[in-house]
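Scroll down for the structure; my scribbles are underneath it.
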Amino acid sequence: MRRHVISALLTAGLIVPAAPAAAAAESRPAVFPATIRLPDGFRPEGIATGPGPVAYIGSMADGSIYRADLRTGRGAILARGPGTPALGLKTDGHGRLFVAGGTGGDARVLDVRTGRVLASYRLATGPTFVNDVVLTRDAAWFTDSTDPVLYKLPLHGGRLPAGALRIPLTGDLVYGSGFNANGITPTPDGRALLVVQSNTGGLFRVEPSGETRRVELHGESLPEGDGLLLRGRTLYAVQNRLNTVAVLRLNAAGTEGRVVRRVGHPRLFDVPSTMAAFGSRLYLPNARFTTTPTPSTSYTAVAVPRP
């Protein structure tokens with residue numbers, strides 16, 4: 001009966017069949033923009049994605065958080081900062097955003113829907129640079145680029161703790177002048193952490209106790225190493241001032257790896273600092289460390305195919 005009704009409506013000209021081009025356009029996936037424009041003077045550094053097609057980008061200038069729709073590239077300030085930096089960022093499955101506070105020596109946890117501060121932690125006093133954060137099954141871990149420690153927020157059952165633990169770093173990772181421990185991510189087996197040392201290019205496996213062991217990279221290194229991202233046994237490492245992403249293949253324990261390629265995008269990269277993944281893409285904020293920042297300096301985050 002339904003076929004007879006449709007046939008009659010088509011004959012009467014009351015409905016029009018979809019044109020092949022229109023039908024093909026509807027079936028094509030949306031084309032997400034490759035560039036996300038950020039507010040002038042924003043000075044982006046950290047980025048986190050999800051849940052869903054959304055990115056959160058932190059400001060080195062004042063700690064504000066910008067939320068961008070990856071489908072359109074448009075966005076707005078989610079939370080105004082405290083006047084100190086927002087560097088490494090990570091989101092979790094509870095709708096929370098963990099923020100490393102740089103020279104502020106702190107960490108914050110924000111509600112991703114409202115931008116409200118759920119908790120704030122004083123991690124260090126005096127000279128400090130709380131640089132990056134990673135979430136594991138039971139903790140949030142923060143690096144400090146000027147003090148040889150990790151800061152741990154235990155997350156038993158997902159609950160936010162009253163305070164942070166200070167884990168001294170021992171073993172192979174020895175701090176020198178400049179930026180030391182920077183990006184951080186779990187090992188493929190999930191039993192330890194990986195940390196890159198920016199000033200030496202070394203990559204280190206870090207036990208939960210803080211004991212460190214240099215990862216065997218077979219003659220390679222990661223100078224200017226910044227953000228790290230692990231997918232399976234593939235490690236992506238941003239080398240910021242080199243405008244490249246190094247792609248490494250690791251063993252399960254994260255004690256040995258090889259650089260299999262380096263990827264640069266000269267038309268898109270302008271000293272990217274870190275990355276987050278969504279779908280088949282990497283999203284990187286252009287920190288533009290080699291450009292003198294002013295209130296009118298333009299900034300972007302860019303998307304590239306995941307190598």
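How things are named: the first chain in the structure tokens is A, the next is B, and so on; residues count from 1 in each chain; ligands count from 1 in the order shown.
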
Which polymer residues have any atom within 10 Å of an atom of A:Arg241, counting only C-alpha atoms, with same-chain residues fewer than 5 positions away left out, as a list in words? Pro223, Glu224, Gly225, Asp226, Phe269, Asp270, Val271, Pro272, Ser273, Ala287, Arg288, Phe289 and Thr290 of chain A

Selection near stretch 116-124 of chain A, 10 Å with only C-alpha atoms, sequence-local residues under 3 positions removed, as a PyMOL selection string: chain A and resi 78-80+96-101+103-113+127-130+142+144+147+150-153+160-166

Dump as a PDB file, in the first residue's frame, selection limited to C-alpha atoms:
ATOM      1  CA  LEU A  78      34.846  28.286  29.346  1.00  0.00           C
ATOM      2  CA  ALA A  79      36.627  29.558  32.467  1.00  0.00           C
ATOM      3  CA  ARG A  80      38.612  32.694  33.193  1.00  0.00           C
ATOM      4  CA  ARG A  96      36.355  16.913  34.854  1.00  0.00           C
ATOM      5  CA  LEU A  97      39.326  18.791  33.434  1.00  0.00           C
ATOM      6  CA  PHE A  98      42.683  18.499  35.230  1.00  0.00           C
ATOM      7  CA  VAL A  99      44.948  21.539  34.778  1.00  0.00           C
ATOM      8  CA  ALA A 100      48.697  21.907  35.447  1.00  0.00           C
ATOM      9  CA  GLY A 101      49.411  25.375  36.816  1.00  0.00           C
ATOM     10  CA  THR A 103      54.680  28.861  37.590  1.00  0.00           C
ATOM     11  CA  GLY A 104      51.597  29.050  39.815  1.00  0.00           C
ATOM     12  CA  GLY A 105      52.777  25.810  41.425  1.00  0.00           C
ATOM     13  CA  ASP A 106      49.257  24.431  41.562  1.00  0.00           C
ATOM     14  CA  ALA A 107      46.760  22.083  39.956  1.00  0.00           C
ATOM     15  CA  ARG A 108      43.074  22.706  39.365  1.00  0.00           C
ATOM     16  CA  VAL A 109      40.151  20.454  38.533  1.00  0.00           C
ATOM     17  CA  LEU A 110      37.298  22.058  36.585  1.00  0.00           C
ATOM     18  CA  ASP A 111      33.806  20.993  35.589  1.00  0.00           C
ATOM     19  CA  VAL A 112      33.878  20.738  31.780  1.00  0.00           C
ATOM     20  CA  ARG A 113      30.234  21.804  31.504  1.00  0.00           C
ATOM     21  CA  PRO A 127      60.477  28.463  41.880  1.00  0.00           C
ATOM     22  CA  THR A 128      58.455  25.791  40.115  1.00  0.00           C
ATOM     23  CA  PHE A 129      56.972  24.885  36.742  1.00  0.00           C
ATOM     24  CA  VAL A 130      54.133  22.365  36.995  1.00  0.00           C
ATOM     25  CA  PHE A 142      51.949  16.039  37.215  1.00  0.00           C
ATOM     26  CA  ASP A 144      57.616  19.725  37.362  1.00  0.00           C
ATOM     27  CA  ASP A 147      62.117  20.379  40.562  1.00  0.00           C
ATOM     28  CA  LEU A 150      56.190  14.131  40.337  1.00  0.00           C
ATOM     29  CA  TYR A 151      52.984  15.196  42.049  1.00  0.00           C
ATOM     30  CA  LYS A 152      50.321  12.535  42.477  1.00  0.00           C
ATOM     31  CA  LEU A 153      46.621  13.042  43.098  1.00  0.00           C
ATOM     32  CA  LEU A 160      39.130  13.825  44.320  1.00  0.00           C
ATOM     33  CA  PRO A 161      41.604  13.704  47.219  1.00  0.00           C
ATOM     34  CA  ALA A 162      42.149  16.279  49.943  1.00  0.00           C
ATOM     35  CA  GLY A 163      45.759  16.792  48.909  1.00  0.00           C
ATOM     36  CA  ALA A 164      48.588  15.758  46.619  1.00  0.00           C
ATOM     37  CA  LEU A 165      51.571  13.470  47.204  1.00  0.00           C
ATOM     38  CA  ARG A 166      55.118  14.526  46.333  1.00  0.00           C
TER      39      ARG A 166
END

Determine which residues of stretch 76-261 of chain A receive a DSSP assignment of strand (DSSP E), computed from the backbone, and state them as a PyMOL selection string. chain A and resi 76-79+89-91+96-100+106-111+117-122+130-135+139-144+149-154+165-168+170-171+181-186+193-197+203-206+211-214+225-231+234-239+244-250+257-261

So that I can see what lies close to stretch 35-41 of chain A, please list as a PyMOL selection string the residues with an atom at most 7 Å from it, counting only C-alpha atoms and leaving out residues fewer than 6 positions away in the same chain. chain A and resi 73+293-303

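Note that the spacing between atom CA of A:Val31 and atom CA of A:Val304 amounts to 12.6 Å.
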
Shell around A:Val260 at 7 Å using only C-alpha atoms, local window under 6 positions removed, as a list in words: Val247, Leu248 and Arg249 of chain A

Shell of 8 Å around stretch 50-52 of chain A, only C-alpha atoms, local chain residues under 2 positions omitted, as a ChimeraX atom specification: /A:48,54-55,91,93,278

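In this model, the gap between atom CA of A:Arg262 and atom CA of A:Thr244 comes to 6.3 Å.
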
Considering only C-alpha atoms, can you say which of A:Leu193, A:Ile47, A:Ile57, A:Leu155 comes closest to A:His94?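 For A:His94, the nearest of the candidates is A:Leu155.
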
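Take the candidates A:Pro186, A:Leu222, A:Gly171, A:Pro285 and check each one against A:Tyr66 using only C-alpha atoms; the shortest distance goes to A:Pro285.
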